[in-house]
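This is structure_9.pdb (PDB, C-alpha atoms).
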```
ATOM      1  CA  MET A   1     -23.121 -14.861   4.554
ATOM      2  CA  HIS A   2     -24.068 -13.310   1.231
ATOM      3  CA  PRO A   3     -25.888 -15.300  -1.487
ATOM      4  CA  PHE A   4     -23.716 -17.080  -4.060
ATOM      5  CA  SER A   5     -24.046 -19.669  -6.801
ATOM      6  CA  TYR A   6     -22.324 -23.049  -6.595
ATOM      7  CA  THR A   7     -21.083 -25.234  -9.454
ATOM      8  CA  ARG A   8     -19.209 -28.540  -9.259
ATOM      9  CA  VAL A   9     -17.004 -29.346 -12.236
ATOM     10  CA  SER A  10     -15.470 -32.641 -13.314
ATOM     11  CA  ASP A  11     -12.773 -31.571 -15.780
ATOM     12  CA  THR A  12     -10.372 -28.670 -16.222
ATOM     13  CA  ARG A  13     -12.159 -27.375 -19.310
ATOM     14  CA  GLU A  14     -15.331 -26.793 -17.298
ATOM     15  CA  ALA A  15     -13.333 -25.279 -14.462
ATOM     16  CA  LEU A  16     -11.568 -22.776 -16.709
ATOM     17  CA  LYS A  17     -14.824 -21.779 -18.369
ATOM     18  CA  ALA A  18     -16.408 -21.062 -14.978
ATOM     19  CA  GLY A  19     -13.284 -19.299 -13.696
ATOM     20  CA  ARG A  20     -13.071 -17.094 -16.766
ATOM     21  CA  THR A  21     -16.509 -15.656 -15.976
ATOM     22  CA  GLY A  22     -15.556 -14.766 -12.405
ATOM     23  CA  GLY A  23     -16.106 -17.979 -10.434
ATOM     24  CA  ARG A  24     -13.888 -18.562  -7.390
ATOM     25  CA  TYR A  25     -12.264 -21.975  -7.172
ATOM     26  CA  ILE A  26     -12.839 -23.975  -4.003
ATOM     27  CA  ALA A  27     -11.552 -27.408  -2.981
ATOM     28  CA  GLY A  28     -11.344 -28.208   0.740
ATOM     29  CA  GLY A  29     -12.795 -24.814   1.642
ATOM     30  CA  THR A  30     -10.927 -24.635   4.940
ATOM     31  CA  THR A  31      -9.953 -20.989   4.397
ATOM     32  CA  LEU A  32     -12.440 -19.529   1.936
ATOM     33  CA  VAL A  33     -15.562 -20.713   3.765
ATOM     34  CA  ASP A  34     -14.308 -19.131   7.004
ATOM     35  CA  LEU A  35     -13.714 -15.827   5.229
ATOM     36  CA  MET A  36     -17.163 -15.967   3.683
ATOM     37  CA  ARG A  37     -18.752 -16.523   7.103
ATOM     38  CA  GLU A  38     -16.923 -13.455   8.380
ATOM     39  CA  THR A  39     -17.971 -11.490   5.238
ATOM     40  CA  VAL A  40     -14.321 -10.764   4.471
ATOM     41  CA  GLU A  41     -14.797 -12.590   1.171
ATOM     42  CA  ARG A  42     -18.050 -12.163  -0.788
ATOM     43  CA  PRO A  43     -17.745 -14.230  -3.978
ATOM     44  CA  GLU A  44     -20.778 -14.315  -6.227
ATOM     45  CA  ALA A  45     -19.949 -17.752  -7.625
ATOM     46  CA  LEU A  46     -18.041 -20.761  -6.273
ATOM     47  CA  VAL A  47     -16.574 -23.423  -8.555
ATOM     48  CA  ASP A  48     -15.965 -26.726  -6.749
ATOM     49  CA  ILE A  49     -12.838 -28.285  -8.298
ATOM     50  CA  SER A  50     -12.447 -31.135  -5.797
ATOM     51  CA  ARG A  51     -13.226 -33.762  -8.457
ATOM     52  CA  LEU A  52     -10.530 -32.677 -10.894
ATOM     53  CA  PRO A  53      -7.742 -35.218 -11.594
ATOM     54  CA  LEU A  54      -5.030 -33.258  -9.790
ATOM     55  CA  ARG A  55      -4.395 -35.615  -6.879
ATOM     56  CA  GLU A  56      -1.165 -37.400  -7.758
ATOM     57  CA  VAL A  57       2.305 -37.249  -6.233
ATOM     58  CA  THR A  58       4.917 -38.300  -8.787
ATOM     59  CA  VAL A  59       8.690 -38.353  -9.129
ATOM     60  CA  THR A  60       9.788 -36.402 -12.198
ATOM     61  CA  GLU A  61      12.172 -37.737 -14.835
ATOM     62  CA  ARG A  62      15.036 -35.760 -13.321
ATOM     63  CA  GLY A  63      14.315 -36.986  -9.803
ATOM     64  CA  GLY A  64      12.300 -34.061  -8.504
ATOM     65  CA  LEU A  65       8.795 -34.239  -7.098
ATOM     66  CA  ARG A  66       5.478 -33.067  -8.485
ATOM     67  CA  ILE A  67       2.538 -32.672  -6.084
ATOM     68  CA  GLY A  68      -0.915 -32.205  -7.576
ATOM     69  CA  ALA A  69      -2.792 -29.122  -6.418
ATOM     70  CA  LEU A  70      -5.655 -31.209  -4.988
ATOM     71  CA  VAL A  71      -3.504 -33.589  -2.977
ATOM     72  CA  ARG A  72      -4.657 -33.247   0.606
ATOM     73  CA  MET A  73      -2.125 -31.983   3.122
ATOM     74  CA  ALA A  74      -2.359 -35.235   5.072
ATOM     75  CA  GLU A  75      -1.844 -37.283   1.909
ATOM     76  CA  ALA A  76       1.239 -35.301   0.895
ATOM     77  CA  ALA A  77       2.745 -35.460   4.385
ATOM     78  CA  ALA A  78       2.324 -39.244   4.539
ATOM     79  CA  HIS A  79       3.432 -40.021   0.987
ATOM     80  CA  PRO A  80       6.562 -42.243   1.022
ATOM     81  CA  LYS A  81       8.332 -40.255  -1.707
ATOM     82  CA  VAL A  82       7.722 -36.938   0.049
ATOM     83  CA  ARG A  83       8.948 -38.311   3.364
ATOM     84  CA  THR A  84      12.023 -39.878   1.774
ATOM     85  CA  LEU A  85      13.087 -37.181  -0.692
ATOM     86  CA  TYR A  86      11.994 -34.012   1.110
ATOM     87  CA  PRO A  87      11.175 -34.566   4.799
ATOM     88  CA  VAL A  88      11.104 -30.771   5.225
ATOM     89  CA  ILE A  89       7.776 -30.806   3.332
ATOM     90  CA  SER A  90       6.260 -33.556   5.483
ATOM     91  CA  GLN A  91       7.360 -31.843   8.679
ATOM     92  CA  ALA A  92       5.983 -28.474   7.590
ATOM     93  CA  LEU A  93       2.625 -30.024   6.703
ATOM     94  CA  GLU A  94       2.344 -31.969   9.951
ATOM     95  CA  LEU A  95       3.079 -28.835  11.988
ATOM     96  CA  SER A  96       0.538 -26.771  10.057
ATOM     97  CA  ALA A  97      -2.870 -27.630  11.437
ATOM     98  CA  SER A  98      -5.045 -30.198  13.166
ATOM     99  CA  ALA A  99      -5.546 -33.644  11.636
ATOM    100  CA  GLN A 100      -9.099 -32.704  10.650
ATOM    101  CA  LEU A 101      -7.927 -29.686   8.646
ATOM    102  CA  ARG A 102      -5.034 -31.590   7.072
ATOM    103  CA  ASN A 103      -7.494 -34.235   5.894
ATOM    104  CA  MET A 104      -9.526 -31.594   4.046
ATOM    105  CA  ALA A 105      -7.154 -28.847   2.934
ATOM    106  CA  SER A 106      -5.381 -29.145  -0.415
ATOM    107  CA  ILE A 107      -1.825 -28.188  -1.334
ATOM    108  CA  GLY A 108      -3.065 -25.602  -3.839
ATOM    109  CA  GLY A 109      -5.453 -24.117  -1.310
ATOM    110  CA  ASN A 110      -2.770 -24.007   1.358
ATOM    111  CA  ILE A 111      -0.425 -21.794  -0.647
ATOM    112  CA  MET A 112      -3.401 -19.612  -1.666
ATOM    113  CA  GLN A 113      -4.602 -19.052   1.898
ATOM    114  CA  ARG A 114      -4.892 -15.487   3.063
ATOM    115  CA  THR A 115      -3.291 -13.888   6.090
ATOM    116  CA  ARG A 116      -4.428 -14.473   9.667
ATOM    117  CA  CYS A 117      -3.964 -10.787  10.515
ATOM    118  CA  THR A 118      -6.802  -9.952  12.922
ATOM    119  CA  TYR A 119      -7.360  -6.576  11.272
ATOM    120  CA  PHE A 120      -7.798  -8.204   7.869
ATOM    121  CA  ARG A 121     -10.440 -10.485   9.368
ATOM    122  CA  ASP A 122     -12.211  -7.685  11.238
ATOM    123  CA  VAL A 123     -14.382  -5.956   8.642
ATOM    124  CA  THR A 124     -14.700  -2.878  10.893
ATOM    125  CA  ALA A 125     -10.909  -2.276  10.873
ATOM    126  CA  ALA A 126      -8.860  -0.445   8.268
ATOM    127  CA  CYS A 127      -7.078  -2.916   6.000
ATOM    128  CA  ASN A 128      -5.526  -2.186   2.617
ATOM    129  CA  LYS A 129      -5.436  -5.890   1.828
ATOM    130  CA  ARG A 130      -9.198  -6.200   2.249
ATOM    131  CA  GLU A 131     -10.170  -2.686   1.131
ATOM    132  CA  PRO A 132      -7.447  -0.875  -0.848
ATOM    133  CA  GLY A 133      -6.812   2.670   0.315
ATOM    134  CA  SER A 134      -8.458   2.255   3.729
ATOM    135  CA  GLY A 135      -5.186   2.150   5.693
ATOM    136  CA  CYS A 136      -3.393  -0.429   7.836
ATOM    137  CA  ALA A 137      -4.640  -0.640  11.414
ATOM    138  CA  ALA A 138      -1.896  -3.136  12.311
ATOM    139  CA  ARG A 139       0.923  -0.612  11.940
ATOM    140  CA  GLU A 140      -0.168   1.290  15.061
ATOM    141  CA  GLY A 141      -2.262  -1.470  16.594
ATOM    142  CA  PHE A 142      -1.454  -4.852  18.135
ATOM    143  CA  ASN A 143       1.326  -6.065  15.845
ATOM    144  CA  ARG A 144       3.256  -8.654  17.859
ATOM    145  CA  MET A 145       2.517 -11.384  15.289
ATOM    146  CA  HIS A 146       3.185  -9.270  12.222
ATOM    147  CA  ALA A 147       5.979  -9.231   9.659
ATOM    148  CA  ILE A 148       9.439  -7.732  10.016
ATOM    149  CA  LEU A 149      10.567  -8.546   6.466
ATOM    150  CA  GLY A 150       9.041  -7.521   3.139
ATOM    151  CA  THR A 151       6.680  -5.000   4.695
ATOM    152  CA  SER A 152       5.482  -1.730   3.211
ATOM    153  CA  ASP A 153       3.618   1.314   4.462
ATOM    154  CA  ALA A 154       0.462  -0.341   3.114
ATOM    155  CA  CYS A 155       0.716  -3.764   4.800
ATOM    156  CA  VAL A 156       2.639  -5.675   7.482
ATOM    157  CA  ALA A 157       0.660  -8.938   7.474
ATOM    158  CA  THR A 158       2.493 -12.278   7.438
ATOM    159  CA  HIS A 159       1.804 -15.168   5.092
ATOM    160  CA  PRO A 160       0.525 -18.026   7.280
ATOM    161  CA  SER A 161       1.480 -21.160   5.311
ATOM    162  CA  ASP A 162       4.127 -23.510   6.704
ATOM    163  CA  VAL A 163       4.569 -25.687   3.634
ATOM    164  CA  ALA A 164       5.012 -22.544   1.520
ATOM    165  CA  VAL A 165       8.202 -21.895   3.514
ATOM    166  CA  ALA A 166       9.491 -25.328   2.536
ATOM    167  CA  PHE A 167       8.556 -24.706  -1.109
ATOM    168  CA  ALA A 168      10.354 -21.363  -1.032
ATOM    169  CA  ALA A 169      13.484 -22.908   0.448
ATOM    170  CA  LEU A 170      13.514 -25.719  -2.136
ATOM    171  CA  GLU A 171      12.921 -23.253  -4.988
ATOM    172  CA  ALA A 172       9.767 -24.967  -6.208
ATOM    173  CA  THR A 173       7.764 -23.983  -9.264
ATOM    174  CA  VAL A 174       3.999 -23.595  -9.539
ATOM    175  CA  HIS A 175       2.207 -25.088 -12.543
ATOM    176  CA  LEU A 176      -0.775 -23.070 -13.748
ATOM    177  CA  LEU A 177      -3.479 -23.612 -16.341
ATOM    178  CA  GLY A 178      -5.601 -20.774 -17.683
ATOM    179  CA  PRO A 179      -7.620 -19.606 -20.655
ATOM    180  CA  GLU A 180      -4.373 -18.814 -22.459
ATOM    181  CA  GLY A 181      -2.836 -22.216 -21.781
ATOM    182  CA  ALA A 182      -0.343 -23.672 -19.326
ATOM    183  CA  ARG A 183       2.584 -21.868 -17.745
ATOM    184  CA  THR A 184       4.930 -22.204 -14.786
ATOM    185  CA  LEU A 185       6.136 -19.668 -12.242
ATOM    186  CA  PRO A 186       9.008 -19.867  -9.761
ATOM    187  CA  PHE A 187       7.500 -20.093  -6.300
ATOM    188  CA  ALA A 188       9.396 -16.924  -5.386
ATOM    189  CA  ASP A 189       7.383 -15.062  -8.039
ATOM    190  CA  PHE A 190       4.033 -16.690  -7.322
ATOM    191  CA  LEU A 191       3.404 -15.014  -3.952
ATOM    192  CA  LEU A 192       3.660 -11.229  -4.117
ATOM    193  CA  ARG A 193       5.033  -8.792  -1.574
ATOM    194  CA  PRO A 194       2.481  -6.125  -0.633
ATOM    195  CA  GLY A 195       4.172  -2.996  -1.936
ATOM    196  CA  THR A 196       1.406  -0.492  -2.714
ATOM    197  CA  THR A 197      -1.046  -3.227  -3.800
ATOM    198  CA  PRO A 198      -1.382  -5.631  -0.851
ATOM    199  CA  ASN A 199      -4.781  -6.753  -2.131
ATOM    200  CA  ARG A 200      -2.986  -8.574  -4.969
ATOM    201  CA  GLU A 201      -1.390 -11.556  -3.269
ATOM    202  CA  GLN A 202      -0.598 -14.027  -6.071
ATOM    203  CA  ALA A 203       0.633 -13.602  -9.642
ATOM    204  CA  LEU A 204      -2.433 -15.374 -11.023
ATOM    205  CA  ARG A 205      -4.198 -14.270 -14.157
ATOM    206  CA  LYS A 206      -7.981 -14.215 -14.320
ATOM    207  CA  GLY A 207      -9.414 -17.719 -14.384
ATOM    208  CA  GLU A 208      -6.060 -19.458 -13.828
ATOM    209  CA  LEU A 209      -5.979 -22.705 -11.900
ATOM    210  CA  ILE A 210      -3.078 -24.170  -9.921
ATOM    211  CA  THR A 211      -2.463 -27.708 -11.194
ATOM    212  CA  ALA A 212       0.685 -28.716  -9.288
ATOM    213  CA  VAL A 213       3.716 -27.668  -7.284
ATOM    214  CA  GLU A 214       7.020 -29.106  -8.482
ATOM    215  CA  ILE A 215      10.194 -29.398  -6.440
ATOM    216  CA  PRO A 216      13.352 -29.638  -8.535
ATOM    217  CA  ALA A 217      15.821 -32.474  -8.266
ATOM    218  CA  LEU A 218      18.500 -31.462  -5.784
ATOM    219  CA  PRO A 219      21.916 -33.080  -5.346
ATOM    220  CA  ARG A 220      22.156 -36.031  -2.990
ATOM    221  CA  PRO A 221      22.733 -36.785  -0.212
ATOM    222  CA  LEU A 222      20.327 -34.118   1.004
ATOM    223  CA  LYS A 223      19.232 -33.586   4.590
ATOM    224  CA  SER A 224      16.278 -31.319   5.277
ATOM    225  CA  GLY A 225      13.888 -30.331   8.024
ATOM    226  CA  TYR A 226      11.433 -27.743   9.321
ATOM    227  CA  LEU A 227      11.421 -26.042  12.711
ATOM    228  CA  LYS A 228       8.476 -23.981  13.948
ATOM    229  CA  VAL A 229       8.459 -21.710  16.997
ATOM    230  CA  ARG A 230       5.016 -20.712  18.303
ATOM    231  CA  ASP A 231       3.285 -19.535  21.447
ATOM    232  CA  ARG A 232       1.678 -22.926  22.043
ATOM    233  CA  GLN A 233       2.294 -26.363  20.574
ATOM    234  CA  SER A 234      -1.318 -27.018  19.644
ATOM    235  CA  TYR A 235      -1.498 -25.896  15.996
ATOM    236  CA  GLU A 236      -0.635 -22.243  16.446
ATOM    237  CA  PHE A 237       0.691 -20.032  13.646
ATOM    238  CA  ALA A 238       4.441 -19.456  13.638
ATOM    239  CA  LEU A 239       6.221 -16.667  15.450
ATOM    240  CA  THR A 240       9.201 -17.797  13.409
ATOM    241  CA  SER A 241      10.066 -20.911  11.449
ATOM    242  CA  ALA A 242      12.958 -22.207   9.399
ATOM    243  CA  ALA A 243      13.099 -24.638   6.469
ATOM    244  CA  VAL A 244      16.610 -25.916   5.795
ATOM    245  CA  ALA A 245      18.062 -28.319   3.212
ATOM    246  CA  LEU A 246      21.798 -29.062   3.062
ATOM    247  CA  HIS A 247      23.854 -31.051   0.567
ATOM    248  CA  ILE A 248      27.079 -32.023   2.319
ATOM    249  CA  ARG A 249      29.742 -34.014   0.464
ATOM    250  CA  GLY A 250      33.287 -34.673   1.553
ATOM    251  CA  GLY A 251      32.609 -32.856   4.801
ATOM    252  CA  VAL A 252      31.854 -29.589   2.974
ATOM    253  CA  ILE A 253      28.504 -27.895   2.375
ATOM    254  CA  GLN A 254      28.062 -27.953  -1.393
ATOM    255  CA  GLU A 255      24.551 -26.463  -1.496
ATOM    256  CA  ALA A 256      22.247 -24.806   1.057
ATOM    257  CA  LYS A 257      18.559 -23.939   0.836
ATOM    258  CA  VAL A 258      17.138 -21.839   3.674
ATOM    259  CA  ALA A 259      13.872 -19.931   4.132
ATOM    260  CA  ALA A 260      11.962 -18.484   7.069
ATOM    261  CA  GLY A 261       8.291 -18.216   7.953
ATOM    262  CA  GLY A 262       6.267 -16.205  10.447
ATOM    263  CA  VAL A 263       8.425 -13.136   9.846
ATOM    264  CA  GLY A 264       7.741 -12.087   6.254
ATOM    265  CA  THR A 265       4.846 -10.882   4.174
ATOM    266  CA  VAL A 266       5.708 -13.886   2.017
ATOM    267  CA  PRO A 267       7.791 -16.986   2.835
ATOM    268  CA  TRP A 268      11.226 -15.438   3.128
ATOM    269  CA  LYS A 269      14.219 -16.901   1.296
ATOM    270  CA  LEU A 270      17.534 -16.256   3.055
ATOM    271  CA  PRO A 271      20.203 -16.016   0.325
ATOM    272  CA  ALA A 272      22.736 -14.318   2.622
ATOM    273  CA  VAL A 273      22.566 -17.308   4.972
ATOM    274  CA  GLU A 274      22.867 -19.751   2.061
ATOM    275  CA  GLN A 275      25.883 -17.990   0.582
ATOM    276  CA  HIS A 276      27.610 -17.920   3.960
ATOM    277  CA  LEU A 277      27.269 -21.712   4.276
ATOM    278  CA  VAL A 278      28.383 -22.924   0.847
ATOM    279  CA  GLY A 279      31.968 -24.130   0.715
ATOM    280  CA  GLU A 280      32.287 -24.332   4.496
ATOM    281  CA  ARG A 281      32.618 -27.273   6.875
ATOM    282  CA  PRO A 282      29.750 -27.732   9.355
ATOM    283  CA  SER A 283      30.576 -26.388  12.801
ATOM    284  CA  GLU A 284      28.952 -24.665  15.732
ATOM    285  CA  SER A 285      30.651 -21.392  14.863
ATOM    286  CA  LEU A 286      29.458 -21.624  11.245
ATOM    287  CA  TRP A 287      25.815 -22.028  12.251
ATOM    288  CA  THR A 288      26.071 -19.051  14.582
ATOM    289  CA  SER A 289      27.746 -16.766  12.053
ATOM    290  CA  ALA A 290      25.358 -17.802   9.266
ATOM    291  CA  ALA A 291      22.298 -17.163  11.435
ATOM    292  CA  THR A 292      23.370 -13.576  12.122
ATOM    293  CA  LYS A 293      22.525 -12.864   8.479
ATOM    294  CA  ALA A 294      18.948 -14.166   8.734
ATOM    295  CA  ALA A 295      17.331 -10.845   9.657
ATOM    296  CA  VAL A 296      19.077  -8.656   7.071
ATOM    297  CA  GLY A 297      16.701  -5.847   6.090
ATOM    298  CA  ALA A 298      14.290  -6.395   8.994
ATOM    299  CA  ARG A 299      11.929  -3.524   9.830
ATOM    300  CA  PRO A 300      10.374  -4.401  13.201
ATOM    301  CA  LEU A 301       7.319  -2.625  14.545
ATOM    302  CA  GLN A 302       6.654  -1.435  18.085
ATOM    303  CA  GLN A 303       5.789  -4.866  19.518
ATOM    304  CA  ASN A 304       7.583  -7.421  17.355
ATOM    305  CA  GLY A 305      11.227  -6.448  17.596
ATOM    306  CA  PHE A 306      11.820  -9.691  19.513
ATOM    307  CA  LYS A 307      11.337 -11.535  16.214
ATOM    308  CA  VAL A 308      14.707 -10.327  14.957
ATOM    309  CA  GLU A 309      16.620 -12.270  17.596
ATOM    310  CA  LEU A 310      14.120 -15.136  17.599
ATOM    311  CA  LEU A 311      14.558 -15.566  13.846
ATOM    312  CA  LYS A 312      18.334 -15.776  14.194
ATOM    313  CA  ARG A 313      18.058 -18.352  16.968
ATOM    314  CA  THR A 314      15.489 -20.400  15.044
ATOM    315  CA  VAL A 315      17.656 -20.534  11.919
ATOM    316  CA  GLU A 316      20.743 -21.377  13.993
ATOM    317  CA  ARG A 317      18.937 -24.182  15.805
ATOM    318  CA  GLN A 318      17.626 -25.728  12.586
ATOM    319  CA  LEU A 319      21.017 -25.520  10.907
ATOM    320  CA  ARG A 320      22.438 -27.478  13.840
ATOM    321  CA  ILE A 321      19.683 -30.093  13.593
ATOM    322  CA  VAL A 322      19.946 -30.605   9.840
ATOM    323  CA  GLY A 323      23.720 -30.226   9.779
ATOM    324  CA  GLY A 324      24.105 -32.927  12.399
ATOM    325  CA  THR A 325      25.854 -30.961  15.128
ATOM    326  CA  LYS A 326      22.968 -30.246  17.505
TER     327      LYS A 326
END
```

How does the structure come out when it is put into structure tokens?
Amino acid sequence: MHPFSYTRVSDTREALKAGRTGGRYIAGGTTLVDLMRETVERPEALVDISRLPLREVTVTERGGLRIGALVRMAEAAAHPKVRTLYPVISQALELSASAQLRNMASIGGNIMQRTRCTYFRDVTAACNKREPGSGCAAREGFNRMHAILGTSDACVATHPSDVAVAFAALEATVHLLGPEGARTLPFADFLLRPGTTPNREQALRKGELITAVEIPALPRPLKSGYLKVRDRQSYEFALTSAAVALHIRGGVIQEAKVAAGGVGTVPWKLPAVEQHLVGERPSESLWTSAATKAAVGARPLQQNGFKVELLKRTVERQLRIVGGTK
């Protein structure tokens, strides 16, 4: 591990001042510390923000939900309002990691976590995300776990977060605070596809701090849930996953929110699936026909073509579960 300075701040003003001069924010440290041990990340200065007052879960005036960036994963998953209003979030968090990690990791840190691509974490391997212009060893290497959606010639790494898939499905917004003031970004714009600059993963400006994630008020009744398919049940990263929320009134689907994980370079919204569902009555044939649209635009590699069919089956299964016809 390379030498670094460490500062603990107690208010956002101090945090922004330290971030503006190049300090890296750290809260639970469950991702960044690992990357520092492996010398993938070499920050010169760490700014501990764990004491900032960003640990509340509140219902907004319109009936949405605002989750502070420093709310622990375990706290968010167990919160009565989260479990009642958006069970898809609780389920995604509980399927994410061990209890020990969930007790430490923050919501803001979770959506900022970097890929689990083995080539990214191996400093001897070519990786454009870690070292721009060096190449992508995964494209011709062992790529069974890699992305089939949103890839580029420069990068095929998946985004590892489970709760980010739920946020993408629910069309959340990210609240940011920086030297130039506060702003919000749609979650879909916060995480960036790799394109030719895979080293730039979030649309953050220098020194900006995540303060909260807000889920909009959605029409009720709303049923939602998260399904994760993995090689082993014990806290493995997703091969595929599906976050689904359905508003059904009068026996007709009035609104559908669907996103997939484990298959994209970012959590992957599935608008073609959503559009196919709206205005239809739940049925076995509807779930099947909607799921066929889940892998539109997929570009599988040599070893992960199975994800195309697995994604369709995962989405179909979760639509059945949430839609009440399993």

For the PyMOL selection byres ((chain A and resi 76) around 9), applied here, can you spell out every residue it catches as a VMD selection string? chain A and resid 57 67 71 to 75 77 to 80 82 to 83 89 to 90 93 107

Output of the PyMOL selection byres ((chain A and resi 167) around 9), listed as a ChimeraX atom specification: /A:89,163-166,168-173,187-188,213-215,243,259,267

Determine, counting all atoms listed in the file, every residue of protein, DNA or RNA that lies within 8 Å of (2.7, -11.0, 14.3) in the file coordinates, then give the result as a ChimeraX atom specification. /A:117,143-147,157-158,239,262-263,304

For Pro221 (chain A), please output as a VMD selection string all residues within 9 Å (counting only C-alpha atoms; exclusion window: fewer than 2 positions along the same chain). chain A and resid 218 to 219 223 246 to 249

Can you spell out as a list in words the set of residues that the PyMOL selection byres ((chain A and resi 185) around 12) selects in the structure I just provided?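 Applying the PyMOL selection byres ((chain A and resi 185) around 12) to the structure shown produces Glu171, Ala172, Thr173, Val174, His175, Leu176, Leu177, Ala182, Arg183, Thr184, Pro186, Phe187, Ala188, Asp189, Phe190, Leu191, Leu192, Gln202, Ala203, Leu204, Arg205, Ile210, Thr211, Ala212, Val213 and Glu214 of chain A.
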
So which one's closest to Arg37 (chain A), A:Lys17, A:His2, A:Arg66, A:Lys81? Using only C-alpha atoms, please.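 Going through A:Lys17, A:His2, A:Arg66, A:Lys81 one by one, the smallest distance to Arg37 (chain A) is for A:His2.
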
Could you work out an axis-aligned box for region 278-289 of chain A, taking every atom the file lists and adding 5 Å on each side, and report centre and edge lengths in Å to one decimal, as JSON?
```
{"center_x": 29.2, "center_y": -22.2, "center_z": 8.2, "size_x": 16.8, "size_y": 21.0, "size_z": 25.0}
```

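With all atoms listed in the file as the atoms that count, the residue of A:Arg13, A:Lys228, A:Arg114, A:Arg20 with the shortest distance to Gln91 (chain A) is A:Lys228.
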
So which residues fall inside 10 Å of (-16.0, -16.7, 1.0) if we count all atoms listed in the file? Mind giving them as number ranges by chain? A: 1-2, 4, 24, 26, 29, 31-46

With distances taken over all atoms listed in the file, which of A:Ala27, A:Val88, A:Val258, A:Leu310 is nearest to Gly225 (chain A)? A:Val88

Which one is closest to Tyr235 (chain A): A:Ala126, A:Ile148, A:Ala99, A:Ile111? Count all atoms listed in the file.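 Of the candidates, the smallest distance to Tyr235 (chain A) is held by A:Ala99.
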
Interatomic distance (Å, one decimal) between CA of Glu56 (chain A) and CA of Lys206 (chain A):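 Atom-to-atom, CA of Glu56 (chain A) to CA of Lys206 (chain A), that is 25.0 Å.
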
For Gly19 (chain A), which residue out of A:Gly207, A:Val266, A:Val322, A:Arg121 is the nearest one, using all atoms listed in the file? A:Gly207

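The space between CA of Pro160 (chain A) and CA of Leu286 (chain A) spans 29.4 Å.
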
Interatomic distance between CA of Gln233 (chain A) and CA of Glu309 (chain A)?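 Going from CA of Gln233 (chain A) over to CA of Glu309 (chain A), I get 20.3 Å.
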
Of the residues A:Gly22, A:Gly108, A:Gly323, A:Gly133, which is the one nearest to Leu70 (chain A), using all atoms listed in the file? A:Gly108

For the interface of region 239-282 of chain A with region 295-300 of chain A (cut-off 10 Å, counting only C-alpha atoms), please tabulate each contacting residue of region 239-282 of chain A alongside its nearest pair of atoms and their separation in Å to one decimal, rows sorted by chain and increasing number, as CSV.
```
residue,atom,partner,partner_atom,distance
A:Ala260,CA,A:Ala295,CA,9.7
A:Val263,CA,A:Ala298,CA,9.0
A:Gly264,CA,A:Ala298,CA,9.1
A:Leu270,CA,A:Ala295,CA,8.5
A:Ala272,CA,A:Val296,CA,8.1
A:Val273,CA,A:Ala295,CA,9.5
```

Applying 6 Å and all atoms listed in the file, which residues near Met104 (chain A) remain after dropping the ones on its own chain fewer than 2 positions away? List them as a tab-separated table (two decimals) with C-alpha atoms, keeping the file's coordinate frame.
```tsv
chain	number	residue	atom	x	y	z
A	28	GLY	CA	-11.34	-28.21	0.74
A	101	LEU	CA	-7.93	-29.69	8.65
A	102	ARG	CA	-5.03	-31.59	7.07
```

I'd like the neighbourhood of Ala245 (chain A) as JSON, numbers by chain, where a residue qualifies if any of its atoms comes within 6 Å (using all atoms listed in the file), though same-chain residues fewer than 2 positions away should be ignored. {"A": [223, 224, 256, 257]}

Keeping C-alpha atoms, export the residues of the selection given above as an mmCIF file, keeping the file's coordinate frame.
```cif
data_model
loop_
_atom_site.group_PDB
_atom_site.id
_atom_site.type_symbol
_atom_site.label_atom_id
_atom_site.label_comp_id
_atom_site.auth_asym_id
_atom_site.auth_seq_id
_atom_site.Cartn_x
_atom_site.Cartn_y
_atom_site.Cartn_z
ATOM 1 C CA LYS A 223 19.232 -33.586 4.590
ATOM 2 C CA SER A 224 16.278 -31.319 5.277
ATOM 3 C CA ALA A 256 22.247 -24.806 1.057
ATOM 4 C CA LYS A 257 18.559 -23.939 0.836
#
```

Contacts of Pro194 (chain A) within 8 Å, only C-alpha atoms, excl. fewer than 2 positions in-chain, as a ChimeraX atom specification: /A:150-152,154-155,192,196-201,265
